[in-house]
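Source file: start.cif; contents: mmCIF, C-alpha atoms.
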```
data_start
loop_
_atom_site.label_atom_id
_atom_site.label_comp_id
_atom_site.auth_asym_id
_atom_site.auth_seq_id
_atom_site.Cartn_x
_atom_site.Cartn_y
_atom_site.Cartn_z
CA ALA A 281 -51.96 21.13 -6.94
CA ARG A 282 -50.65 23.27 -4.11
CA ARG A 283 -51.69 20.71 -1.50
CA ARG A 284 -50.06 17.98 -3.54
CA ARG A 285 -46.77 19.90 -3.60
CA LEU A 286 -46.95 20.42 0.16
CA ARG A 287 -47.53 16.71 0.76
CA THR A 288 -44.64 15.82 -1.53
CA ARG A 289 -42.34 18.26 0.31
CA ARG A 290 -43.33 16.87 3.72
CA ALA A 291 -42.73 13.30 2.55
CA ALA A 292 -39.28 14.28 1.27
CA GLN A 293 -38.44 15.96 4.59
CA GLN A 294 -39.51 12.86 6.53
CA GLN A 295 -37.41 10.65 4.27
CA GLN A 296 -34.38 12.85 4.87
CA LYS A 297 -34.88 12.51 8.64
CA LYS A 298 -35.00 8.72 8.39
CA THR A 299 -31.93 8.36 6.19
CA PRO A 300 -28.89 10.58 6.96
CA SER A 301 -27.77 12.74 4.08
CA TRP A 302 -24.40 12.42 2.32
CA ALA A 303 -23.07 15.38 4.27
CA ASP A 304 -23.97 13.73 7.59
CA MET A 305 -22.40 10.40 6.58
CA PRO A 306 -19.58 9.24 8.89
CA GLU A 307 -16.42 9.40 6.79
CA ASP A 308 -14.77 6.58 8.75
CA PHE A 309 -17.04 3.99 7.09
CA SER A 310 -16.32 4.92 3.48
CA ALA A 311 -14.04 2.86 1.27
CA ILE A 312 -11.70 5.79 0.64
CA ALA A 313 -11.28 6.25 4.41
CA GLU A 314 -10.26 2.61 4.78
CA TYR A 315 -7.86 3.09 1.88
CA LYS A 316 -6.25 6.05 3.67
CA ASN A 317 -5.95 3.96 6.84
CA LEU A 318 -3.68 1.56 4.95
CA LYS A 319 -1.11 4.33 4.65
CA ASP A 320 -1.25 5.09 8.39
CA ASN A 321 -0.49 1.50 9.39
CA PRO A 322 3.32 1.09 9.61
CA LEU A 323 3.18 -2.59 8.61
CA VAL A 324 0.27 -2.73 6.16
CA SER A 325 1.62 0.32 4.33
CA TRP A 326 4.40 -1.91 2.92
CA GLY A 327 1.97 -2.64 0.11
CA PHE A 328 2.53 0.87 -1.27
CA LEU A 329 6.27 0.24 -1.68
CA GLU A 330 7.94 -0.46 -4.99
CA GLU A 331 8.89 -4.06 -5.74
CA GLN A 332 12.58 -3.67 -4.91
CA GLU A 333 12.03 -1.81 -1.63
CA PHE A 334 9.32 -4.29 -0.65
CA LEU A 335 11.70 -7.21 -1.20
CA VAL A 336 14.38 -5.49 0.88
CA ARG A 337 11.98 -5.25 3.82
CA ILE A 338 10.81 -8.82 3.34
CA PHE A 339 14.40 -10.11 3.41
CA GLY A 340 15.11 -7.99 6.49
CA LEU A 341 12.05 -9.45 8.22
CA PHE A 342 13.16 -12.95 7.25
CA ALA A 343 16.67 -12.33 8.64
CA VAL A 344 15.27 -11.24 12.02
CA ASN A 345 12.95 -14.24 12.14
CA LEU A 346 15.81 -16.54 11.15
CA VAL A 347 17.96 -15.36 14.06
CA ILE A 348 15.09 -16.05 16.44
CA GLY A 349 14.37 -19.46 14.91
CA LEU A 350 17.99 -20.65 14.87
CA GLY A 351 18.61 -19.47 18.43
CA LEU A 352 15.59 -21.42 19.65
CA CYS A 353 16.26 -24.59 17.66
CA PHE A 354 19.96 -24.85 18.55
CA GLN A 355 18.96 -24.74 22.21
CA ILE A 356 16.91 -27.89 21.61
CA TYR A 357 19.27 -29.49 19.06
CA PRO A 358 22.82 -28.45 19.99
CA PRO A 359 25.17 -28.42 16.97
CA SER A 360 27.24 -31.34 18.25
CA SER A 361 26.78 -33.42 15.12
CA PHE A 362 26.12 -32.90 11.44
CA SER A 363 22.54 -34.19 11.70
CA ASN A 364 21.80 -31.75 14.52
CA VAL A 365 23.19 -28.86 12.49
CA VAL A 366 20.95 -29.82 9.57
CA VAL A 367 17.86 -30.33 11.74
CA GLY A 368 18.41 -27.13 13.75
CA GLY A 369 18.98 -25.18 10.55
CA LEU A 370 15.88 -26.55 8.85
CA PHE A 371 13.65 -25.97 11.85
CA GLY A 372 15.09 -22.47 12.30
CA VAL A 373 14.34 -21.64 8.68
CA ALA A 374 10.87 -23.16 9.10
CA ILE A 375 10.15 -20.89 12.07
CA ALA A 376 11.37 -17.87 10.08
CA PHE A 377 9.09 -18.70 7.14
CA SER A 378 6.16 -19.41 9.47
CA LEU A 379 6.47 -16.00 11.13
CA MET A 380 6.82 -14.30 7.76
CA PHE A 381 3.74 -16.18 6.49
CA GLY A 382 1.69 -14.90 9.42
CA ILE A 383 2.76 -11.29 8.85
CA LEU A 384 2.13 -11.46 5.09
CA LEU A 385 -1.26 -13.04 5.71
CA LEU A 386 -2.19 -10.13 8.00
CA ILE A 387 -1.13 -7.55 5.40
CA THR A 388 -2.93 -9.39 2.58
CA ARG A 389 -6.14 -9.62 4.60
CA ASP A 390 -6.32 -5.83 5.16
CA TRP A 391 -5.54 -5.02 1.53
CA ASP A 392 -8.08 -7.54 0.23
CA LYS A 393 -10.75 -6.09 2.52
CA VAL A 394 -10.18 -2.56 1.20
CA ASN A 395 -10.06 -3.81 -2.40
CA LYS A 396 -13.48 -5.44 -2.04
CA MET A 397 -14.90 -2.28 -0.43
CA LEU A 398 -13.67 -0.17 -3.34
CA LEU A 399 -15.36 -2.45 -5.88
CA LYS A 400 -18.75 -2.40 -4.14
CA LYS A 401 -21.39 0.15 -5.08
CA SER A 402 -22.50 0.65 -1.48
CA TYR A 403 -21.33 -0.01 2.05
CA VAL A 404 -22.77 -0.30 5.55
CA VAL A 405 -22.74 2.75 7.82
CA GLU A 406 -23.19 2.35 11.56
CA ALA A 407 -24.43 5.31 13.57
CA ARG A 408 -25.95 6.18 16.93
CA LYS A 409 -29.04 8.28 17.66
CA ASP A 410 -29.43 8.56 21.42
CA ASN A 411 -27.18 7.17 24.14
CA ALA A 412 -30.09 7.26 26.61
CA MET A 413 -31.85 4.41 24.81
CA GLY A 414 -31.46 0.86 26.06
CA ASP A 415 -29.64 -0.32 22.97
CA GLY A 416 -27.56 2.86 22.78
CA GLY A 417 -29.58 4.08 19.80
CA ALA A 418 -27.34 2.21 17.38
CA TYR A 419 -28.53 1.57 13.85
CA ALA A 420 -27.06 0.75 10.45
CA TYR A 421 -27.99 1.48 6.86
CA ASN A 422 -26.58 0.99 3.38
CA GLN A 423 -25.01 4.09 1.86
CA VAL A 424 -24.95 4.09 -1.93
CA LYS A 425 -21.92 5.71 -3.50
CA THR A 426 -22.31 8.55 -5.92
CA LYS A 427 -21.31 7.92 -9.53
CA ARG A 428 -18.23 10.06 -9.08
CA ASP A 429 -17.06 8.21 -5.96
CA ALA A 430 -17.87 4.80 -7.44
CA ARG A 431 -15.78 5.62 -10.52
CA ARG A 432 -12.92 6.87 -8.35
CA ASP A 433 -13.01 3.74 -6.19
CA ARG A 434 -12.97 1.45 -9.24
CA LEU A 435 -9.92 3.25 -10.58
CA LEU A 436 -8.13 2.86 -7.23
CA ALA A 437 -9.01 -0.82 -7.14
CA GLY A 438 -7.88 -1.43 -10.71
CA TYR A 439 -4.59 0.46 -10.59
CA VAL A 440 -3.54 0.19 -6.92
CA THR A 441 -5.22 -2.27 -4.56
CA ASP A 442 -5.92 -5.18 -6.93
CA PRO A 443 -2.30 -5.45 -8.20
CA VAL A 444 -1.01 -5.17 -4.63
CA VAL A 445 -3.34 -7.95 -3.44
CA GLY A 446 -2.16 -10.19 -6.29
CA ARG A 447 1.49 -9.58 -5.44
CA LEU A 448 0.92 -10.17 -1.71
CA ARG A 449 -0.89 -13.44 -2.39
CA VAL A 450 2.09 -14.73 -4.37
CA TYR A 451 4.50 -13.96 -1.53
CA THR A 452 2.11 -15.36 1.09
CA LEU A 453 1.67 -18.66 -0.75
CA ALA A 454 5.44 -18.90 -1.33
CA ALA A 455 6.12 -18.38 2.38
CA PHE A 456 3.55 -21.06 3.27
CA ALA A 457 5.04 -23.57 0.80
CA LEU A 458 8.61 -22.96 2.01
CA SER A 459 7.50 -23.22 5.62
CA ALA A 460 5.78 -26.57 5.05
CA THR A 461 8.77 -27.88 3.08
CA THR A 462 11.36 -27.00 5.74
CA TRP A 463 9.20 -28.36 8.57
CA GLY A 464 8.85 -31.64 6.68
CA GLY A 465 12.58 -31.76 5.87
CA GLY A 466 13.56 -31.30 9.50
CA ALA A 467 11.15 -34.01 10.60
CA VAL A 468 12.56 -36.47 8.05
CA VAL A 469 16.22 -35.86 8.91
CA GLY A 470 15.78 -36.11 12.68
CA GLY A 471 18.38 -35.28 15.31
CA GLU A 472 19.51 -35.74 18.91
CA MET A 473 18.00 -33.46 21.51
CA SER A 474 20.04 -31.85 24.27
CA MET A 475 21.26 -34.04 27.15
CA GLU A 476 19.20 -32.18 29.74
CA GLN A 477 15.95 -33.10 28.05
CA GLU A 478 17.10 -36.68 27.51
CA GLU A 479 18.01 -37.02 31.20
CA GLU A 480 14.61 -35.69 32.26
CA GLU A 481 12.83 -38.13 29.98
CA GLU A 482 15.00 -41.00 31.23
CA MET A 483 14.30 -40.12 34.89
CA GLU A 484 10.56 -40.09 34.21
CA SER A 485 10.78 -43.47 32.47
CA ASN A 486 12.80 -44.99 35.35
CA LEU A 487 10.32 -43.65 37.89
CA ILE A 488 7.37 -45.22 36.08
CA TYR A 489 9.28 -48.51 35.69
CA THR A 490 10.16 -48.61 39.43
CA ARG A 491 6.55 -48.09 40.51
CA THR A 492 5.30 -50.76 38.12
CA THR A 493 7.97 -53.28 39.17
CA LYS A 494 7.24 -52.72 42.85
CA LYS A 495 3.58 -53.48 42.33
CA MET A 496 4.27 -56.56 40.24
CA ASN A 497 6.69 -58.04 42.83
CA ALA A 498 4.29 -57.61 45.73
CA GLU A 499 2.62 -60.83 46.92
CA GLY A 500 -0.76 -61.79 48.23
CA PHE A 501 -2.88 -59.46 50.31
CA GLY A 502 -0.08 -56.89 50.68
CA TYR A 503 -0.22 -56.16 46.94
CA PHE A 504 -3.90 -55.19 47.14
CA LEU A 505 -3.33 -53.07 50.25
CA GLU A 506 -0.53 -51.25 48.49
CA ARG A 507 -2.80 -50.58 45.49
CA ASP A 508 -5.35 -48.93 47.75
#
```
Write the structure described by the file as C-alpha coordinates, please.
Amino acid sequence: ARRRRLRTRRAAQQQQKKTPSWADMPEDFSAIAEYKNLKDNPLVSWGFLEEQEFLVRIFGLFAVNLVIGLGLCFQIYPPSSFSNVVVGGLFGVAIAFSLMFGILLLITRDWDKVNKMLLKKSYVVEARKDNAMGDGGAYAYNQVKTKRDARRDRLLAGYVTDPVVGRLRVYTLAAFALSATTWGGGAVVGGEMSMEQEEEEEMESNLIYTRTTKKMNAEGFGYFLERD
(Lines of atoms letter the chains of each structure in order from A and count residues from 1; the text may use other names and numbers.)
(Lines give C-alpha, C1' and ligand atoms only; values in the text may rest on other atoms or scores of the structure.)
Protein backbone atom coordinates (compact mmCIF):
# COMPACT_ATOMS: atom_id res chain seq x y z
CA ALA A 1 0.00 0.00 0.00
CA ARG A 2 2.88 2.33 0.75
CA ARG A 3 4.48 1.68 -2.63
CA ARG A 4 1.16 2.27 -4.32
CA ARG A 5 0.83 5.66 -2.62
CA LEU A 6 4.35 6.59 -3.68
CA ARG A 7 3.63 5.65 -7.30
CA THR A 8 0.41 7.65 -7.24
CA ARG A 9 2.23 10.70 -5.82
CA ARG A 10 4.97 10.48 -8.46
CA ALA A 11 2.39 10.20 -11.25
CA ALA A 12 0.59 13.28 -9.92
CA GLN A 13 3.86 15.24 -9.77
CA GLN A 14 4.70 14.29 -13.37
CA GLN A 15 1.22 15.34 -14.50
CA GLN A 16 1.66 18.71 -12.81
CA LYS A 17 4.96 19.21 -14.66
CA LYS A 18 3.32 18.47 -18.01
CA THR A 19 0.33 20.74 -17.51
CA PRO A 20 0.90 24.16 -15.87
CA SER A 21 -1.12 24.76 -12.74
CA TRP A 22 -3.82 27.44 -12.39
CA ALA A 23 -1.39 29.68 -10.53
CA ASP A 24 1.14 29.48 -13.38
CA MET A 25 -1.50 30.20 -16.03
CA PRO A 26 -0.81 33.35 -18.10
CA GLU A 27 -3.55 35.80 -17.17
CA ASP A 28 -3.45 37.49 -20.58
CA PHE A 29 -5.18 34.50 -22.21
CA SER A 30 -8.18 34.33 -19.90
CA ALA A 31 -11.61 35.59 -20.92
CA ILE A 32 -11.75 38.07 -18.04
CA ALA A 33 -8.43 39.57 -19.18
CA GLU A 34 -9.82 40.10 -22.68
CA TYR A 35 -12.90 41.67 -21.11
CA LYS A 36 -10.71 44.12 -19.18
CA ASN A 37 -8.84 44.97 -22.39
CA LEU A 38 -12.11 46.25 -23.85
CA LYS A 39 -12.11 49.02 -21.27
CA ASP A 40 -8.52 50.02 -22.11
CA ASN A 41 -9.26 50.49 -25.81
CA PRO A 42 -10.40 54.12 -26.36
CA LEU A 43 -12.64 53.16 -29.30
CA VAL A 44 -13.92 49.71 -28.36
CA SER A 45 -14.77 50.94 -24.86
CA TRP A 46 -17.70 52.87 -26.37
CA GLY A 47 -19.68 49.69 -25.83
CA PHE A 48 -19.71 50.35 -22.08
CA LEU A 49 -21.46 53.71 -22.57
CA GLU A 50 -25.13 54.29 -21.89
CA GLU A 51 -27.45 54.45 -24.88
CA GLN A 52 -27.72 58.25 -24.95
CA GLU A 53 -23.99 58.89 -24.59
CA PHE A 54 -23.25 56.22 -27.19
CA LEU A 55 -25.59 57.90 -29.68
CA VAL A 56 -23.94 61.27 -29.04
CA ARG A 57 -20.55 59.83 -29.97
CA ILE A 58 -21.98 58.06 -33.00
CA PHE A 59 -23.52 61.30 -34.29
CA GLY A 60 -20.25 63.13 -33.63
CA LEU A 61 -18.36 60.48 -35.60
CA PHE A 62 -20.89 60.75 -38.43
CA ALA A 63 -20.53 64.56 -38.51
CA VAL A 64 -16.74 64.31 -38.87
CA ASN A 65 -17.06 61.69 -41.60
CA LEU A 66 -19.69 63.80 -43.36
CA VAL A 67 -17.38 66.82 -43.53
CA ILE A 68 -14.68 64.64 -45.07
CA GLY A 69 -17.10 63.03 -47.53
CA LEU A 70 -18.71 66.29 -48.68
CA GLY A 71 -15.35 68.02 -49.09
CA LEU A 72 -14.11 65.20 -51.29
CA CYS A 73 -17.26 64.83 -53.38
CA PHE A 74 -17.74 68.54 -54.07
CA GLN A 75 -14.20 68.61 -55.44
CA ILE A 76 -15.29 66.04 -58.02
CA TYR A 77 -18.86 67.35 -58.50
CA PRO A 78 -18.75 71.13 -58.01
CA PRO A 79 -22.09 72.54 -56.79
CA SER A 80 -22.74 74.43 -60.03
CA SER A 81 -26.12 72.83 -60.63
CA PHE A 82 -28.92 71.27 -58.63
CA SER A 83 -28.08 67.75 -59.83
CA ASN A 84 -24.46 68.18 -58.75
CA VAL A 85 -25.54 69.37 -55.31
CA VAL A 86 -27.76 66.30 -54.93
CA VAL A 87 -25.11 63.88 -56.22
CA GLY A 88 -22.31 65.42 -54.14
CA GLY A 89 -24.52 65.38 -51.06
CA LEU A 90 -25.57 61.76 -51.54
CA PHE A 91 -22.03 60.55 -52.19
CA GLY A 92 -20.75 62.56 -49.22
CA VAL A 93 -23.35 60.98 -46.96
CA ALA A 94 -22.49 57.57 -48.44
CA ILE A 95 -18.81 58.04 -47.57
CA ALA A 96 -19.76 59.09 -44.03
CA PHE A 97 -21.94 56.00 -43.52
CA SER A 98 -19.28 53.75 -45.05
CA LEU A 99 -16.62 55.00 -42.64
CA MET A 100 -19.00 54.66 -39.72
CA PHE A 101 -19.88 51.11 -40.83
CA GLY A 102 -16.20 50.15 -40.82
CA ILE A 103 -15.65 51.54 -37.33
CA LEU A 104 -18.79 49.90 -35.91
CA LEU A 105 -17.80 46.61 -37.53
CA LEU A 106 -14.41 46.77 -35.80
CA ILE A 107 -16.01 47.46 -32.40
CA THR A 108 -18.61 44.71 -32.88
CA ARG A 109 -15.94 42.17 -33.84
CA ASP A 110 -13.95 42.71 -30.62
CA TRP A 111 -17.03 42.58 -28.41
CA ASP A 112 -18.35 39.44 -30.12
CA LYS A 113 -14.97 37.74 -29.66
CA VAL A 114 -14.95 38.44 -25.92
CA ASN A 115 -18.59 37.39 -25.58
CA LYS A 116 -17.85 34.00 -27.13
CA MET A 117 -14.79 33.55 -24.88
CA LEU A 118 -16.89 34.24 -21.80
CA LEU A 119 -19.45 31.60 -22.79
CA LYS A 120 -16.87 28.86 -23.38
CA LYS A 121 -15.90 26.47 -20.61
CA SER A 122 -12.23 26.47 -21.60
CA TYR A 123 -9.77 28.45 -23.68
CA VAL A 124 -6.39 27.99 -25.35
CA VAL A 125 -3.26 29.09 -23.51
CA GLU A 126 -0.02 29.62 -25.39
CA ALA A 127 3.25 29.43 -23.49
CA ARG A 128 6.98 29.03 -24.05
CA LYS A 129 9.38 26.61 -22.35
CA ASP A 130 12.88 27.31 -23.64
CA ASN A 131 14.02 29.99 -26.07
CA ALA A 132 17.10 27.90 -26.94
CA MET A 133 14.98 25.31 -28.76
CA GLY A 134 14.58 25.50 -32.51
CA ASP A 135 10.88 26.22 -32.36
CA GLY A 136 11.29 28.61 -29.43
CA GLY A 137 9.80 26.06 -27.05
CA ALA A 138 6.28 27.25 -27.82
CA TYR A 139 3.33 25.06 -26.92
CA ALA A 140 -0.39 25.41 -26.30
CA TYR A 141 -2.95 23.66 -24.14
CA ASN A 142 -6.61 23.97 -23.19
CA GLN A 143 -7.23 25.51 -19.78
CA VAL A 144 -10.54 24.52 -18.23
CA LYS A 145 -12.23 27.22 -16.18
CA THR A 146 -13.12 26.61 -12.58
CA LYS A 147 -16.81 26.48 -11.70
CA ARG A 148 -16.54 29.84 -10.01
CA ASP A 149 -14.91 31.54 -13.00
CA ALA A 150 -17.25 29.86 -15.48
CA ARG A 151 -20.26 31.13 -13.53
CA ARG A 152 -18.79 34.62 -13.34
CA ASP A 153 -18.08 34.67 -17.08
CA ARG A 154 -21.62 33.53 -17.91
CA LEU A 155 -23.04 36.33 -15.79
CA LEU A 156 -20.83 38.88 -17.57
CA ALA A 157 -21.89 37.53 -20.94
CA GLY A 158 -25.57 37.54 -20.05
CA TYR A 159 -25.77 40.99 -18.46
CA VAL A 160 -23.00 42.94 -20.24
CA THR A 161 -21.38 41.63 -23.40
CA ASP A 162 -24.33 39.88 -25.07
CA PRO A 163 -26.67 42.94 -24.88
CA VAL A 164 -23.85 45.19 -26.12
CA VAL A 165 -23.17 42.88 -29.09
CA GLY A 166 -26.87 42.90 -29.99
CA ARG A 167 -27.03 46.69 -29.87
CA LEU A 168 -23.84 47.08 -31.92
CA ARG A 169 -25.12 44.69 -34.58
CA VAL A 170 -28.26 46.79 -35.01
CA TYR A 171 -26.24 49.98 -35.54
CA THR A 172 -23.76 48.21 -37.83
CA LEU A 173 -26.49 46.80 -40.07
CA ALA A 174 -28.25 50.19 -40.14
CA ALA A 175 -25.04 51.93 -41.20
CA PHE A 176 -24.50 49.33 -43.96
CA ALA A 177 -28.06 49.71 -45.26
CA LEU A 178 -27.89 53.51 -45.29
CA SER A 179 -24.50 53.41 -46.98
CA ALA A 180 -25.75 51.13 -49.76
CA THR A 181 -28.89 53.24 -50.22
CA THR A 182 -27.05 56.55 -50.57
CA TRP A 183 -24.44 55.08 -52.92
CA GLY A 184 -27.23 53.74 -55.12
CA GLY A 185 -29.13 57.04 -54.99
CA GLY A 186 -26.11 59.04 -56.08
CA ALA A 187 -25.44 56.65 -58.95
CA VAL A 188 -29.04 56.93 -60.18
CA VAL A 189 -29.19 60.74 -60.06
CA GLY A 190 -25.87 61.30 -61.83
CA GLY A 191 -24.07 64.62 -62.21
CA GLU A 192 -21.46 66.61 -64.14
CA MET A 193 -17.86 66.22 -63.08
CA SER A 194 -15.47 69.14 -62.80
CA MET A 195 -14.19 70.77 -66.01
CA GLU A 196 -10.58 69.80 -65.33
CA GLN A 197 -11.39 66.11 -65.40
CA GLU A 198 -13.60 66.52 -68.46
CA GLU A 199 -10.80 68.35 -70.31
CA GLU A 200 -8.31 65.61 -69.45
CA GLU A 201 -10.69 62.93 -70.70
CA GLU A 202 -11.37 64.91 -73.88
CA MET A 203 -7.63 65.37 -74.56
CA GLU A 204 -7.06 61.63 -74.17
CA SER A 205 -9.93 60.87 -76.54
CA ASN A 206 -8.63 63.36 -79.16
CA LEU A 207 -5.14 61.89 -78.92
CA ILE A 208 -6.41 58.35 -79.54
CA TYR A 209 -8.60 59.58 -82.43
CA THR A 210 -5.66 61.43 -84.07
CA ARG A 211 -3.40 58.36 -83.96
CA THR A 212 -6.11 56.13 -85.37
CA THR A 213 -7.00 58.58 -88.17
CA LYS A 214 -3.36 58.98 -89.15
CA LYS A 215 -2.97 55.25 -89.54
CA MET A 216 -6.18 54.87 -91.52
CA ASN A 217 -5.25 57.66 -93.98
CA ALA A 218 -1.82 56.24 -94.72
CA GLU A 219 -1.50 54.50 -98.10
CA GLY A 220 0.32 51.50 -99.44
CA PHE A 221 3.68 50.40 -98.12
CA GLY A 222 4.12 53.54 -96.00
CA TYR A 223 1.18 52.49 -93.79
CA PHE A 224 2.88 49.19 -92.91
CA LEU A 225 6.22 50.90 -92.26
CA GLU A 226 4.52 53.35 -89.95
CA ARG A 227 2.87 50.47 -88.05
CA ASP A 228 6.26 48.91 -87.42
Item to check | Output check: residues returned by the PyMOL selection byres ((chain A and resi 390-400) around 9), as a VMD selection string | outcome: chain A and resid 310 to 312 314 to 315 318 324 327 385 to 389 401 to 403 425 430 432 to 438 440 to 442 444 to 445 448
Would you output that residue set with C-alpha atoms, as a PDB file, keeping the file's coordinate frame?
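Full text of out30.pdb as output:
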```
ATOM      1  CA  SER A 310     -16.320   4.920   3.480  1.00  0.00           C
ATOM      2  CA  ALA A 311     -14.040   2.860   1.270  1.00  0.00           C
ATOM      3  CA  ILE A 312     -11.700   5.790   0.640  1.00  0.00           C
ATOM      4  CA  GLU A 314     -10.260   2.610   4.780  1.00  0.00           C
ATOM      5  CA  TYR A 315      -7.860   3.090   1.880  1.00  0.00           C
ATOM      6  CA  LEU A 318      -3.680   1.560   4.950  1.00  0.00           C
ATOM      7  CA  VAL A 324       0.270  -2.730   6.160  1.00  0.00           C
ATOM      8  CA  GLY A 327       1.970  -2.640   0.110  1.00  0.00           C
ATOM      9  CA  LEU A 385      -1.260 -13.040   5.710  1.00  0.00           C
ATOM     10  CA  LEU A 386      -2.190 -10.130   8.000  1.00  0.00           C
ATOM     11  CA  ILE A 387      -1.130  -7.550   5.400  1.00  0.00           C
ATOM     12  CA  THR A 388      -2.930  -9.390   2.580  1.00  0.00           C
ATOM     13  CA  ARG A 389      -6.140  -9.620   4.600  1.00  0.00           C
ATOM     14  CA  LYS A 401     -21.390   0.150  -5.080  1.00  0.00           C
ATOM     15  CA  SER A 402     -22.500   0.650  -1.480  1.00  0.00           C
ATOM     16  CA  TYR A 403     -21.330  -0.010   2.050  1.00  0.00           C
ATOM     17  CA  LYS A 425     -21.920   5.710  -3.500  1.00  0.00           C
ATOM     18  CA  ALA A 430     -17.870   4.800  -7.440  1.00  0.00           C
ATOM     19  CA  ARG A 432     -12.920   6.870  -8.350  1.00  0.00           C
ATOM     20  CA  ASP A 433     -13.010   3.740  -6.190  1.00  0.00           C
ATOM     21  CA  ARG A 434     -12.970   1.450  -9.240  1.00  0.00           C
ATOM     22  CA  LEU A 435      -9.920   3.250 -10.580  1.00  0.00           C
ATOM     23  CA  LEU A 436      -8.130   2.860  -7.230  1.00  0.00           C
ATOM     24  CA  ALA A 437      -9.010  -0.820  -7.140  1.00  0.00           C
ATOM     25  CA  GLY A 438      -7.880  -1.430 -10.710  1.00  0.00           C
ATOM     26  CA  VAL A 440      -3.540   0.190  -6.920  1.00  0.00           C
ATOM     27  CA  THR A 441      -5.220  -2.270  -4.560  1.00  0.00           C
ATOM     28  CA  ASP A 442      -5.920  -5.180  -6.930  1.00  0.00           C
ATOM     29  CA  VAL A 444      -1.010  -5.170  -4.630  1.00  0.00           C
ATOM     30  CA  VAL A 445      -3.340  -7.950  -3.440  1.00  0.00           C
ATOM     31  CA  LEU A 448       0.920 -10.170  -1.710  1.00  0.00           C
TER      32      LEU A 448
END
```
Next on the checklist: Ranking A:Leu323, A:Ala454, A:Ala374, A:Met380 by minimum distance to Phe342 in chain A and counting only C-alpha atoms, which one comes first?
Outcome noted: A:Met380
Item to check | Arg337 in chain A surroundings by all atoms listed in the file, 12 Å radius, close-in-sequence under 3 positions cut, as a list in words | outcome: Leu323, Ser325, Trp326, Gly327, Leu329, Glu330, Glu331, Gln332, Glu333, Phe334, Gly340, Leu341, Phe342, Ala343, Val344, Met380 and Leu384 of chain A
Would you mind exporting the chosen residues as an mmCIF file, in the coordinates of the input, restricted to C-alpha atoms?
```
data_model
loop_
_atom_site.group_PDB
_atom_site.id
_atom_site.type_symbol
_atom_site.label_atom_id
_atom_site.label_comp_id
_atom_site.auth_asym_id
_atom_site.auth_seq_id
_atom_site.Cartn_x
_atom_site.Cartn_y
_atom_site.Cartn_z
ATOM 1 C CA LEU A 323 3.180 -2.590 8.610
ATOM 2 C CA SER A 325 1.620 0.320 4.330
ATOM 3 C CA TRP A 326 4.400 -1.910 2.920
ATOM 4 C CA GLY A 327 1.970 -2.640 0.110
ATOM 5 C CA LEU A 329 6.270 0.240 -1.680
ATOM 6 C CA GLU A 330 7.940 -0.460 -4.990
ATOM 7 C CA GLU A 331 8.890 -4.060 -5.740
ATOM 8 C CA GLN A 332 12.580 -3.670 -4.910
ATOM 9 C CA GLU A 333 12.030 -1.810 -1.630
ATOM 10 C CA PHE A 334 9.320 -4.290 -0.650
ATOM 11 C CA GLY A 340 15.110 -7.990 6.490
ATOM 12 C CA LEU A 341 12.050 -9.450 8.220
ATOM 13 C CA PHE A 342 13.160 -12.950 7.250
ATOM 14 C CA ALA A 343 16.670 -12.330 8.640
ATOM 15 C CA VAL A 344 15.270 -11.240 12.020
ATOM 16 C CA MET A 380 6.820 -14.300 7.760
ATOM 17 C CA LEU A 384 2.130 -11.460 5.090
#
```
Item to check | Expected selection from the PyMOL selection byres ((chain A and resi 363) around 8), given as a VMD selection string | outcome: chain A and resid 361 to 362 364 to 367 469 to 472
Checklist entry - For Phe381 in chain A, which residue out of A:Phe456, A:Tyr357, A:Phe339, A:Tyr439 is the nearest one, using all atoms listed in the file? => result A:Phe456
Checklist outcome for this item: One decimal place gives the CA of Val373 in chain A-CA of Val347 in chain A separation as 9.0 Å
Checklist entry - So which residues get picked by the PyMOL selection byres ((chain A and resi 458-464) around 8) here, written as a PyMOL selection string? => result chain A and resi 370-371+373-378+454-457+465-468
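CA of Phe354 in chain A to CA of Gly368 in chain A spans 5.5 Å [interatomic distance, one decimal].
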Item to check | Point-to-point distance from CA of Gly369 in chain A to CA of Gly349 in chain A, Å rounded to tenths | outcome: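 We find that CA of Gly369 in chain A and CA of Gly349 in chain A lie 8.5 Å from each other.
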